[in-house]
$ cat work-v6.pdb   # PDB, C-alpha atoms
ATOM      1  CA  MET A 826     -17.718  42.299 -50.657
ATOM      2  CA  THR A 827     -17.921  41.628 -46.930
ATOM      3  CA  THR A 828     -14.692  41.973 -44.994
ATOM      4  CA  LEU A 829     -14.279  39.366 -42.297
ATOM      5  CA  SER A 830     -12.235  39.534 -39.146
ATOM      6  CA  PRO A 831      -8.788  37.839 -39.294
ATOM      7  CA  SER A 832     -10.480  34.560 -38.318
ATOM      8  CA  ALA A 833     -14.082  33.708 -39.016
ATOM      9  CA  GLU A 834     -16.129  30.507 -38.947
ATOM     10  CA  LEU A 835     -18.481  29.858 -41.845
ATOM     11  CA  GLY A 836     -20.867  27.251 -40.568
ATOM     12  CA  SER A 837     -19.740  24.453 -38.298
ATOM     13  CA  GLY A 838     -16.085  23.457 -38.638
ATOM     14  CA  LEU A 839     -15.102  25.694 -41.587
ATOM     15  CA  VAL A 840     -12.668  28.408 -40.507
ATOM     16  CA  LEU A 841     -11.342  31.263 -42.649
ATOM     17  CA  GLN A 842      -8.233  33.286 -41.779
ATOM     18  CA  ARG A 843      -6.537  36.079 -43.746
ATOM     19  CA  VAL A 844      -8.872  35.577 -46.715
ATOM     20  CA  THR A 845     -12.048  37.390 -47.732
ATOM     21  CA  PRO A 846     -14.858  35.605 -49.555
ATOM     22  CA  PRO A 847     -16.407  35.363 -52.019
ATOM     23  CA  LEU A 848     -13.668  33.774 -54.099
ATOM     24  CA  LYS A 849     -14.087  32.372 -57.599
ATOM     25  CA  LEU A 850     -12.859  28.883 -58.392
ATOM     26  CA  ALA A 851     -12.261  29.981 -61.975
ATOM     27  CA  ASP A 852      -9.733  32.591 -60.758
ATOM     28  CA  PHE A 853      -7.409  29.672 -59.939
ATOM     29  CA  LYS A 854      -5.657  27.498 -62.517
ATOM     30  CA  LEU A 855      -4.050  24.692 -60.458
ATOM     31  CA  ILE A 856      -4.970  22.797 -57.296
ATOM     32  CA  ALA A 857      -2.382  20.643 -55.490
ATOM     33  CA  PHE A 858      -3.335  17.904 -53.052
ATOM     34  CA  ASP A 859      -1.397  15.930 -50.504
ATOM     35  CA  MET A 860      -2.540  12.298 -50.610
ATOM     36  CA  ASP A 861      -2.340  10.401 -47.299
ATOM     37  CA  SER A 862      -4.986  11.607 -44.811
ATOM     38  CA  THR A 863      -5.969  14.367 -47.281
ATOM     39  CA  LEU A 864      -7.301  12.811 -50.490
ATOM     40  CA  ILE A 865      -7.424   9.356 -48.901
ATOM     41  CA  ASN A 866      -8.348   8.059 -45.455
ATOM     42  CA  ILE A 867      -5.110   6.320 -44.461
ATOM     43  CA  GLU A 868      -1.377   6.793 -44.059
ATOM     44  CA  CYS A 869      -0.317   4.072 -46.506
ATOM     45  CA  ILE A 870       3.052   3.432 -44.876
ATOM     46  CA  ASP A 871       1.384   2.653 -41.540
ATOM     47  CA  GLU A 872      -0.936   0.138 -43.186
ATOM     48  CA  ILE A 873       1.911  -1.558 -45.117
ATOM     49  CA  ALA A 874       3.801  -1.866 -41.817
ATOM     50  CA  ASP A 875       0.783  -3.635 -40.338
ATOM     51  CA  ALA A 876       1.549  -6.524 -42.717
ATOM     52  CA  VAL A 877       4.731  -7.249 -40.746
ATOM     53  CA  GLY A 878       3.415  -6.362 -37.309
ATOM     54  CA  LYS A 879       5.253  -3.025 -37.156
ATOM     55  CA  LYS A 880       2.315  -0.630 -37.488
ATOM     56  CA  ALA A 881       2.651   0.881 -34.001
ATOM     57  CA  GLU A 882       6.373   1.493 -34.462
ATOM     58  CA  VAL A 883       5.965   3.116 -37.889
ATOM     59  CA  ALA A 884       2.792   5.047 -36.973
ATOM     60  CA  ALA A 885       4.524   6.659 -33.989
ATOM     61  CA  ILE A 886       7.204   8.083 -36.319
ATOM     62  CA  THR A 887       4.534   9.147 -38.859
ATOM     63  CA  GLU A 888       2.512  10.956 -36.207
ATOM     64  CA  ALA A 889       5.516  12.802 -34.749
ATOM     65  CA  THR A 890       6.540  13.841 -38.270
ATOM     66  CA  MET A 891       3.075  15.113 -39.199
ATOM     67  CA  ARG A 892       2.933  17.156 -36.001
ATOM     68  CA  GLY A 893       6.289  18.678 -36.933
ATOM     69  CA  GLU A 894       8.160  17.152 -33.978
ATOM     70  CA  ILE A 895      10.543  15.278 -36.297
ATOM     71  CA  LYS A 896      11.814  18.087 -38.519
ATOM     72  CA  ASP A 897      13.678  16.074 -41.152
ATOM     73  CA  PHE A 898      10.987  14.365 -43.238
ATOM     74  CA  LYS A 899      13.549  12.564 -45.416
ATOM     75  CA  GLU A 900      15.221  10.972 -42.410
ATOM     76  CA  SER A 901      11.816  10.102 -40.937
ATOM     77  CA  LEU A 902      10.710   8.418 -44.170
ATOM     78  CA  ARG A 903      13.953   6.475 -44.532
ATOM     79  CA  ARG A 904      13.582   5.182 -40.963
ATOM     80  CA  ARG A 905      10.019   4.069 -41.625
ATOM     81  CA  VAL A 906      10.735   2.521 -45.043
ATOM     82  CA  ALA A 907      13.659   0.573 -43.558
ATOM     83  CA  LEU A 908      11.157  -1.112 -41.243
ATOM     84  CA  LEU A 909       9.266  -2.378 -44.309
ATOM     85  CA  GLN A 910      12.160  -4.570 -45.467
ATOM     86  CA  GLY A 911      10.845  -8.005 -46.402
ATOM     87  CA  VAL A 912       7.195  -6.987 -46.815
ATOM     88  CA  PRO A 913       5.714  -8.853 -49.820
ATOM     89  CA  VAL A 914       4.893  -6.468 -52.682
ATOM     90  CA  ALA A 915       1.457  -8.153 -52.773
ATOM     91  CA  ALA A 916       0.720  -6.470 -49.424
ATOM     92  CA  LEU A 917       0.525  -3.097 -51.224
ATOM     93  CA  GLN A 918      -2.364  -4.299 -53.381
ATOM     94  CA  GLN A 919      -4.055  -5.682 -50.294
ATOM     95  CA  VAL A 920      -3.801  -2.304 -48.545
ATOM     96  CA  TYR A 921      -5.200  -0.589 -51.635
ATOM     97  CA  ASP A 922      -8.093  -3.034 -52.011
ATOM     98  CA  GLU A 923      -9.052  -3.430 -48.355
ATOM     99  CA  ARG A 924      -8.122  -0.219 -46.552
ATOM    100  CA  LEU A 925      -7.711   2.721 -48.905
ATOM    101  CA  LYS A 926     -10.800   4.871 -49.410
ATOM    102  CA  LEU A 927     -11.173   8.355 -50.847
ATOM    103  CA  ASN A 928     -11.955  10.909 -48.191
ATOM    104  CA  PRO A 929     -15.478  12.402 -48.256
ATOM    105  CA  GLY A 930     -15.859  15.097 -50.888
ATOM    106  CA  ALA A 931     -12.557  14.282 -52.644
ATOM    107  CA  ALA A 932     -14.135  13.128 -55.914
ATOM    108  CA  GLU A 933     -16.637  16.006 -55.850
ATOM    109  CA  LEU A 934     -13.945  18.658 -55.287
ATOM    110  CA  VAL A 935     -11.641  17.288 -57.993
ATOM    111  CA  ALA A 936     -14.561  17.099 -60.449
ATOM    112  CA  ALA A 937     -15.619  20.689 -59.664
ATOM    113  CA  CYS A 938     -12.033  21.933 -60.140
ATOM    114  CA  LYS A 939     -11.693  20.162 -63.480
ATOM    115  CA  LYS A 940     -15.061  21.501 -64.630
ATOM    116  CA  ALA A 941     -13.863  25.030 -63.759
ATOM    117  CA  GLY A 942     -10.749  24.481 -65.905
ATOM    118  CA  LEU A 943      -8.167  23.859 -63.175
ATOM    119  CA  LYS A 944      -5.360  21.333 -63.558
ATOM    120  CA  VAL A 945      -4.990  18.934 -60.626
ATOM    121  CA  LEU A 946      -1.692  17.915 -59.006
ATOM    122  CA  LEU A 947      -1.171  15.132 -56.476
ATOM    123  CA  VAL A 948       2.114  15.618 -54.622
ATOM    124  CA  SER A 949       2.781  13.113 -51.890
ATOM    125  CA  GLY A 950       5.337  11.950 -49.375
ATOM    126  CA  GLY A 951       3.651   8.576 -49.878
ATOM    127  CA  PHE A 952       4.235   6.043 -52.604
ATOM    128  CA  THR A 953       3.751   5.762 -56.363
ATOM    129  CA  PHE A 954       1.921   2.434 -56.028
ATOM    130  CA  PHE A 955      -0.980   4.276 -54.386
ATOM    131  CA  ALA A 956      -0.519   7.727 -55.937
ATOM    132  CA  ASN A 957      -0.749   6.404 -59.499
ATOM    133  CA  ARG A 958      -3.925   4.468 -58.699
ATOM    134  CA  VAL A 959      -5.542   7.466 -56.969
ATOM    135  CA  LYS A 960      -4.454   9.643 -59.917
ATOM    136  CA  ASP A 961      -6.192   7.319 -62.375
ATOM    137  CA  ARG A 962      -9.257   6.921 -60.159
ATOM    138  CA  LEU A 963      -9.842  10.670 -59.884
ATOM    139  CA  GLY A 964      -8.577  11.733 -63.310
ATOM    140  CA  ILE A 965      -5.752  13.798 -61.790
ATOM    141  CA  ASP A 966      -3.372  15.472 -64.263
ATOM    142  CA  PHE A 967       0.027  15.226 -62.515
ATOM    143  CA  ALA A 968       1.442  13.154 -59.653
ATOM    144  CA  ARG A 969       4.760  13.056 -57.820
ATOM    145  CA  SER A 970       5.524  10.656 -54.984
ATOM    146  CA  ASN A 971       8.132   8.239 -53.642
ATOM    147  CA  LEU A 972       9.039   4.913 -55.259
ATOM    148  CA  LEU A 973       9.607   1.882 -53.034
ATOM    149  CA  ASP A 974      12.460  -0.384 -54.084
ATOM    150  CA  GLU A 975      11.630  -4.055 -54.506
ATOM    151  CA  ALA A 976      13.469  -7.267 -55.312
ATOM    152  CA  ASP A 977      12.262 -10.864 -55.596
ATOM    153  CA  GLY A 978       8.683  -9.821 -54.831
ATOM    154  CA  LYS A 979       9.588  -8.091 -51.562
ATOM    155  CA  LEU A 980      10.324  -4.536 -50.431
ATOM    156  CA  THR A 981      14.024  -3.904 -49.788
ATOM    157  CA  GLY A 982      13.513  -1.137 -47.216
ATOM    158  CA  GLN A 983      14.934   1.474 -49.610
ATOM    159  CA  VAL A 984      13.495   4.360 -51.658
ATOM    160  CA  VAL A 985      14.417   4.582 -55.352
ATOM    161  CA  THR A 986      16.029   7.795 -56.619
ATOM    162  CA  GLN A 987      13.931   9.276 -59.448
ATOM    163  CA  SER A 988      14.803  11.916 -62.068
ATOM    164  CA  TRP A 989      13.793  14.769 -59.739
ATOM    165  CA  GLY A 990      15.386  13.376 -56.563
ATOM    166  CA  ASP A 991      15.015  10.675 -53.951
ATOM    167  CA  ILE A 992      12.299  11.711 -51.484
ATOM    168  CA  CYS A 993       9.285  13.969 -51.950
ATOM    169  CA  ASP A 994       9.395  16.011 -48.741
ATOM    170  CA  GLY A 995       8.001  19.452 -47.918
ATOM    171  CA  ALA A 996      10.658  21.249 -49.944
ATOM    172  CA  GLU A 997      10.007  19.016 -52.966
ATOM    173  CA  LYS A 998       6.243  19.547 -52.660
ATOM    174  CA  ARG A 999       6.834  23.302 -52.749
ATOM    175  CA  ARG A1000       9.231  22.988 -55.678
ATOM    176  CA  THR A1001       6.798  20.794 -57.606
ATOM    177  CA  LEU A1002       3.914  23.217 -57.102
ATOM    178  CA  LEU A1003       6.055  26.121 -58.349
ATOM    179  CA  GLU A1004       7.484  24.051 -61.227
ATOM    180  CA  VAL A1005       4.059  22.973 -62.517
ATOM    181  CA  ALA A1006       2.755  26.545 -62.134
ATOM    182  CA  SER A1007       5.749  27.810 -64.125
ATOM    183  CA  LEU A1008       5.214  25.234 -66.877
ATOM    184  CA  MET A1009       1.567  26.292 -67.039
ATOM    185  CA  GLY A1010       2.583  29.942 -67.272
ATOM    186  CA  ILE A1011       0.706  30.953 -64.122
ATOM    187  CA  SER A1012       1.697  32.596 -60.848
ATOM    188  CA  ALA A1013       1.706  30.880 -57.444
ATOM    189  CA  GLN A1014      -1.215  33.158 -56.518
ATOM    190  CA  GLU A1015      -3.328  31.235 -59.051
ATOM    191  CA  THR A1016      -2.787  27.950 -57.184
ATOM    192  CA  ILE A1017      -4.588  26.220 -54.316
ATOM    193  CA  ALA A1018      -2.732  23.807 -51.981
ATOM    194  CA  VAL A1019      -4.542  21.305 -49.760
ATOM    195  CA  GLY A1020      -2.876  19.280 -46.990
ATOM    196  CA  ASP A1021      -2.980  18.061 -43.409
ATOM    197  CA  GLY A1022       0.592  17.671 -42.118
ATOM    198  CA  ALA A1023       3.695  19.744 -41.404
ATOM    199  CA  ASN A1024       5.367  18.696 -44.668
ATOM    200  CA  ASP A1025       2.502  20.353 -46.588
ATOM    201  CA  LEU A1026       3.221  23.787 -45.117
ATOM    202  CA  PRO A1027       5.965  24.802 -47.601
ATOM    203  CA  MET A1028       3.640  24.390 -50.611
ATOM    204  CA  MET A1029       0.677  25.823 -48.715
ATOM    205  CA  GLY A1030       2.782  28.890 -47.941
ATOM    206  CA  GLU A1031       3.341  29.547 -51.662
ATOM    207  CA  ALA A1032      -0.231  29.038 -52.845
ATOM    208  CA  GLY A1033      -2.777  31.764 -53.428
ATOM    209  CA  LEU A1034      -5.179  29.771 -51.245
ATOM    210  CA  SER A1035      -4.125  27.229 -48.621
ATOM    211  CA  VAL A1036      -6.554  24.656 -47.234
ATOM    212  CA  ALA A1037      -6.017  22.493 -44.146
ATOM    213  CA  TYR A1038      -8.144  19.344 -44.112
ATOM    214  CA  HIS A1039      -8.732  17.732 -40.685
ATOM    215  CA  ALA A1040      -5.176  18.843 -40.085
ATOM    216  CA  LYS A1041      -2.608  18.967 -37.303
ATOM    217  CA  PRO A1042      -2.926  22.100 -35.085
ATOM    218  CA  LYS A1043       0.180  23.749 -36.555
ATOM    219  CA  VAL A1044      -1.229  23.362 -40.074
ATOM    220  CA  ARG A1045      -4.708  24.616 -39.119
ATOM    221  CA  GLU A1046      -3.161  27.740 -37.606
ATOM    222  CA  GLN A1047      -1.234  28.643 -40.771
ATOM    223  CA  ALA A1048      -3.836  27.789 -43.430
ATOM    224  CA  MET A1049      -6.224  30.342 -44.906
ATOM    225  CA  VAL A1050      -9.059  27.803 -44.810
ATOM    226  CA  ALA A1051      -9.385  25.024 -42.242
ATOM    227  CA  ILE A1052     -11.930  22.261 -42.795
ATOM    228  CA  ASN A1053     -12.290  20.764 -39.338
ATOM    229  CA  GLU A1054     -15.625  19.017 -39.942
ATOM    230  CA  GLY A1055     -17.131  17.507 -43.087
ATOM    231  CA  GLY A1056     -15.621  16.658 -46.460
ATOM    232  CA  LEU A1057     -13.086  18.192 -48.817
ATOM    233  CA  ASP A1058     -15.867  19.634 -50.961
ATOM    234  CA  ARG A1059     -16.594  22.154 -48.195
ATOM    235  CA  VAL A1060     -13.982  24.292 -49.973
ATOM    236  CA  LEU A1061     -16.716  24.905 -52.534
ATOM    237  CA  GLU A1062     -18.698  26.792 -49.893
ATOM    238  CA  ILE A1063     -16.241  29.680 -50.310
ATOM    239  CA  LEU A1064     -15.191  29.122 -53.949
ATOM    240  CA  LYS A1065     -18.114  29.943 -56.190
TER     241      LYS A1065
END

$ encode --input "work-v6.pdb" --output "structure tokens"
Amino acid sequence: MTTLSPSAELGSGLVLQRVTPPLKLADFKLIAFDMDSTLINIECIDEIADAVGKKAEVAAITEATMRGEIKDFKESLRRRVALLQGVPVAALQQVYDERLKLNPGAAELVAACKKAGLKVLLVSGGFTFFANRVKDRLGIDFARSNLLDEADGKLTGQVVTQSWGDICDGAEKRRTLLEVASLMGISAQETIAVGDGANDLPMMGEAGLSVAYHAKPKVREQAMVAINEGGLDRVLEILK
């Protein structure tokens, strides 16, 4: 086994830190993905806001949150969801149909993980409308995300409290990863966590392997693997 320096680049745009290849995919039992800007190409809340001409306003809050400049994700999400009051529920389907695409390599990575016997978890600060559809599209095993309140065919600007809590933030992502691992009877070291924003860091910090995908600088610095160019399936270059 070759020991690498604390930070090494394997090919263009694939950086390894504090991890020594080769690693076996089959040594892991669970992989957890963030959704927006990780599994998919958009931040759904920004695109919903576009339906009422508030994309710039909402996107500015999203961006500051993902960079870690707004520390309280729950407060950030409530502020953004409040701006969606009055958006027709039909706009969500339009965003899904016209704007949402899987990121390159997402389907290939999920398929490879499932073939190797891993369970797949989607844990998102985004919304169930999209998470459930992405879950079905990719054959993902578990999903947790936020539920938008609606009345009379329009969004109310509120988030619905679910059995586990109200908002899936960084702490909830971490808790969900550990909860699913516990239910599976595996350790956190047997999990992989993939994300791009500051609210993914708590779960990435628990996982046996953390992967930053086209991520914010703070997230790239802390991840064991940073994919800065190419698709999600580049993880398979180090997981045999």

$ closest_residue --input "work-v6.pdb" --among "A:Glu1015, A:Asp966, A:Glu900, A:Glu1046" --to "Gly1033 (chain A)" --atoms "all atoms listed in the file"
A:Glu1015

$ closest_residue --input "work-v6.pdb" --among "A:Ser949, A:Thr890, A:Gln1014, A:Ser901" --to "Met860 (chain A)" --atoms "all atoms listed in the file"
A:Ser949

$ resolve_selection --input "work-v6.pdb" --expression "the PyMOL selection byres ((chain A and resi 857) around 8)" --output "number ranges by chain"
A: 855-856, 858-859, 945-948, 1002, 1016-1019

$ residues_around --input "work-v6.pdb" --residues "region 977-994 of chain A" --least-positions-apart "3" --cutoff "9 Å" --atoms "all atoms listed in the file" --output "mmCIF file with C-alpha atoms, in the coordinates of the input"
data_model
loop_
_atom_site.group_PDB
_atom_site.id
_atom_site.type_symbol
_atom_site.label_atom_id
_atom_site.label_comp_id
_atom_site.auth_asym_id
_atom_site.auth_seq_id
_atom_site.Cartn_x
_atom_site.Cartn_y
_atom_site.Cartn_z
ATOM 1 C CA ASP A 897 13.678 16.074 -41.152
ATOM 2 C CA PHE A 898 10.987 14.365 -43.238
ATOM 3 C CA LYS A 899 13.549 12.564 -45.416
ATOM 4 C CA LEU A 902 10.710 8.418 -44.170
ATOM 5 C CA ARG A 903 13.953 6.475 -44.532
ATOM 6 C CA ARG A 904 13.582 5.182 -40.963
ATOM 7 C CA ARG A 905 10.019 4.069 -41.625
ATOM 8 C CA VAL A 906 10.735 2.521 -45.043
ATOM 9 C CA ALA A 907 13.659 0.573 -43.558
ATOM 10 C CA LEU A 908 11.157 -1.112 -41.243
ATOM 11 C CA LEU A 909 9.266 -2.378 -44.309
ATOM 12 C CA GLN A 910 12.160 -4.570 -45.467
ATOM 13 C CA GLY A 911 10.845 -8.005 -46.402
ATOM 14 C CA VAL A 912 7.195 -6.987 -46.815
ATOM 15 C CA PRO A 913 5.714 -8.853 -49.820
ATOM 16 C CA VAL A 914 4.893 -6.468 -52.682
ATOM 17 C CA ALA A 915 1.457 -8.153 -52.773
ATOM 18 C CA VAL A 948 2.114 15.618 -54.622
ATOM 19 C CA SER A 949 2.781 13.113 -51.890
ATOM 20 C CA GLY A 950 5.337 11.950 -49.375
ATOM 21 C CA GLY A 951 3.651 8.576 -49.878
ATOM 22 C CA ARG A 969 4.760 13.056 -57.820
ATOM 23 C CA SER A 970 5.524 10.656 -54.984
ATOM 24 C CA ASN A 971 8.132 8.239 -53.642
ATOM 25 C CA LEU A 972 9.039 4.913 -55.259
ATOM 26 C CA LEU A 973 9.607 1.882 -53.034
ATOM 27 C CA ASP A 974 12.460 -0.384 -54.084
ATOM 28 C CA GLU A 997 10.007 19.016 -52.966
ATOM 29 C CA LYS A 998 6.243 19.547 -52.660
ATOM 30 C CA ARG A 999 6.834 23.302 -52.749
ATOM 31 C CA ASN A 1024 5.367 18.696 -44.668
ATOM 32 C CA ASP A 1025 2.502 20.353 -46.588
#

$ resolve_selection --input "work-v6.pdb" --expression "the PyMOL selection byres ((chain A and resi 834-842) around 6)" --output "number ranges by chain"
A: 831-833, 843-844, 1049-1054

$ decode --input "work-v6.pdb" --residues "region 880-891 of chain A" --atoms "all heavy atoms" --output "PDB file, in the first residue's frame"
ATOM      1  N   LYS A 880     -35.758  35.115  -7.034  1.00  0.00           N
ATOM      2  CA  LYS A 880     -34.604  34.208  -7.067  1.00  0.00           C
ATOM      3  C   LYS A 880     -33.341  34.869  -6.510  1.00  0.00           C
ATOM      4  O   LYS A 880     -32.614  34.257  -5.728  1.00  0.00           O
ATOM      5  CB  LYS A 880     -34.346  33.703  -8.486  1.00  0.00           C
ATOM      6  CG  LYS A 880     -33.182  32.717  -8.551  1.00  0.00           C
ATOM      7  CD  LYS A 880     -33.028  32.079  -9.923  1.00  0.00           C
ATOM      8  CE  LYS A 880     -31.875  31.100  -9.929  1.00  0.00           C
ATOM      9  NZ  LYS A 880     -31.722  30.416 -11.222  1.00  0.00           N
ATOM     10  N   ALA A 881     -33.074  36.100  -6.902  1.00  0.00           N
ATOM     11  CA  ALA A 881     -31.844  36.769  -6.463  1.00  0.00           C
ATOM     12  C   ALA A 881     -31.816  36.919  -4.945  1.00  0.00           C
ATOM     13  O   ALA A 881     -30.792  36.680  -4.298  1.00  0.00           O
ATOM     14  CB  ALA A 881     -31.712  38.133  -7.138  1.00  0.00           C
ATOM     15  N   GLU A 882     -32.951  37.281  -4.382  1.00  0.00           N
ATOM     16  CA  GLU A 882     -33.074  37.487  -2.939  1.00  0.00           C
ATOM     17  C   GLU A 882     -32.841  36.174  -2.175  1.00  0.00           C
ATOM     18  O   GLU A 882     -32.086  36.123  -1.201  1.00  0.00           O
ATOM     19  CB  GLU A 882     -34.490  38.008  -2.650  1.00  0.00           C
ATOM     20  CG  GLU A 882     -34.671  38.689  -1.318  1.00  0.00           C
ATOM     21  CD  GLU A 882     -36.081  39.281  -1.186  1.00  0.00           C
ATOM     22  OE1 GLU A 882     -36.776  39.462  -2.205  1.00  0.00           O
ATOM     23  OE2 GLU A 882     -36.463  39.535  -0.032  1.00  0.00           O
ATOM     24  N   VAL A 883     -33.483  35.109  -2.643  1.00  0.00           N
ATOM     25  CA  VAL A 883     -33.355  33.804  -1.989  1.00  0.00           C
ATOM     26  C   VAL A 883     -31.965  33.212  -2.224  1.00  0.00           C
ATOM     27  O   VAL A 883     -31.341  32.674  -1.311  1.00  0.00           O
ATOM     28  CB  VAL A 883     -34.459  32.834  -2.487  1.00  0.00           C
ATOM     29  CG1 VAL A 883     -34.200  31.410  -2.019  1.00  0.00           C
ATOM     30  CG2 VAL A 883     -35.823  33.308  -1.996  1.00  0.00           C
ATOM     31  N   ALA A 884     -31.462  33.324  -3.451  1.00  0.00           N
ATOM     32  CA  ALA A 884     -30.151  32.745  -3.791  1.00  0.00           C
ATOM     33  C   ALA A 884     -29.026  33.378  -2.983  1.00  0.00           C
ATOM     34  O   ALA A 884     -28.060  32.702  -2.617  1.00  0.00           O
ATOM     35  CB  ALA A 884     -29.888  32.903  -5.290  1.00  0.00           C
ATOM     36  N   ALA A 885     -29.146  34.664  -2.686  1.00  0.00           N
ATOM     37  CA  ALA A 885     -28.114  35.339  -1.887  1.00  0.00           C
ATOM     38  C   ALA A 885     -28.034  34.733  -0.484  1.00  0.00           C
ATOM     39  O   ALA A 885     -26.940  34.524   0.060  1.00  0.00           O
ATOM     40  CB  ALA A 885     -28.400  36.835  -1.803  1.00  0.00           C
ATOM     41  N   ILE A 886     -29.202  34.415   0.102  1.00  0.00           N
ATOM     42  CA  ILE A 886     -29.229  33.779   1.424  1.00  0.00           C
ATOM     43  C   ILE A 886     -28.691  32.350   1.327  1.00  0.00           C
ATOM     44  O   ILE A 886     -27.909  31.902   2.167  1.00  0.00           O
ATOM     45  CB  ILE A 886     -30.666  33.763   2.013  1.00  0.00           C
ATOM     46  CG1 ILE A 886     -31.228  35.182   2.109  1.00  0.00           C
ATOM     47  CG2 ILE A 886     -30.676  33.094   3.386  1.00  0.00           C
ATOM     48  CD1 ILE A 886     -32.702  35.238   2.501  1.00  0.00           C
ATOM     49  N   THR A 887     -29.092  31.620   0.270  1.00  0.00           N
ATOM     50  CA  THR A 887     -28.605  30.251   0.056  1.00  0.00           C
ATOM     51  C   THR A 887     -27.089  30.232  -0.026  1.00  0.00           C
ATOM     52  O   THR A 887     -26.421  29.432   0.642  1.00  0.00           O
ATOM     53  CB  THR A 887     -29.192  29.658  -1.251  1.00  0.00           C
ATOM     54  OG1 THR A 887     -30.615  29.666  -1.179  1.00  0.00           O
ATOM     55  CG2 THR A 887     -28.709  28.231  -1.466  1.00  0.00           C
ATOM     56  N   GLU A 888     -26.544  31.113  -0.839  1.00  0.00           N
ATOM     57  CA  GLU A 888     -25.092  31.139  -1.067  1.00  0.00           C
ATOM     58  C   GLU A 888     -24.334  31.441   0.224  1.00  0.00           C
ATOM     59  O   GLU A 888     -23.341  30.784   0.555  1.00  0.00           O
ATOM     60  CB  GLU A 888     -24.767  32.177  -2.154  1.00  0.00           C
ATOM     61  CG  GLU A 888     -23.323  32.183  -2.607  1.00  0.00           C
ATOM     62  CD  GLU A 888     -22.877  30.917  -3.335  1.00  0.00           C
ATOM     63  OE1 GLU A 888     -23.738  30.157  -3.820  1.00  0.00           O
ATOM     64  OE2 GLU A 888     -21.667  30.679  -3.396  1.00  0.00           O
ATOM     65  N   ALA A 889     -24.793  32.436   0.970  1.00  0.00           N
ATOM     66  CA  ALA A 889     -24.134  32.795   2.235  1.00  0.00           C
ATOM     67  C   ALA A 889     -24.207  31.644   3.239  1.00  0.00           C
ATOM     68  O   ALA A 889     -23.262  31.402   4.001  1.00  0.00           O
ATOM     69  CB  ALA A 889     -24.784  34.049   2.822  1.00  0.00           C
ATOM     70  N   THR A 890     -25.316  30.909   3.208  1.00  0.00           N
ATOM     71  CA  THR A 890     -25.481  29.760   4.106  1.00  0.00           C
ATOM     72  C   THR A 890     -24.531  28.641   3.721  1.00  0.00           C
ATOM     73  O   THR A 890     -23.876  28.039   4.579  1.00  0.00           O
ATOM     74  CB  THR A 890     -26.933  29.258   4.063  1.00  0.00           C
ATOM     75  OG1 THR A 890     -27.807  30.350   4.336  1.00  0.00           O
ATOM     76  CG2 THR A 890     -27.169  28.159   5.095  1.00  0.00           C
ATOM     77  N   MET A 891     -24.438  28.343   2.430  1.00  0.00           N
ATOM     78  CA  MET A 891     -23.584  27.252   1.960  1.00  0.00           C
ATOM     79  C   MET A 891     -22.106  27.545   2.221  1.00  0.00           C
ATOM     80  O   MET A 891     -21.323  26.639   2.463  1.00  0.00           O
ATOM     81  CB  MET A 891     -23.804  27.003   0.463  1.00  0.00           C
ATOM     82  CG  MET A 891     -25.232  26.609   0.106  1.00  0.00           C
ATOM     83  SD  MET A 891     -25.812  25.174   1.011  1.00  0.00           S
ATOM     84  CE  MET A 891     -25.005  23.885   0.106  1.00  0.00           C
TER      85      MET A 891
END
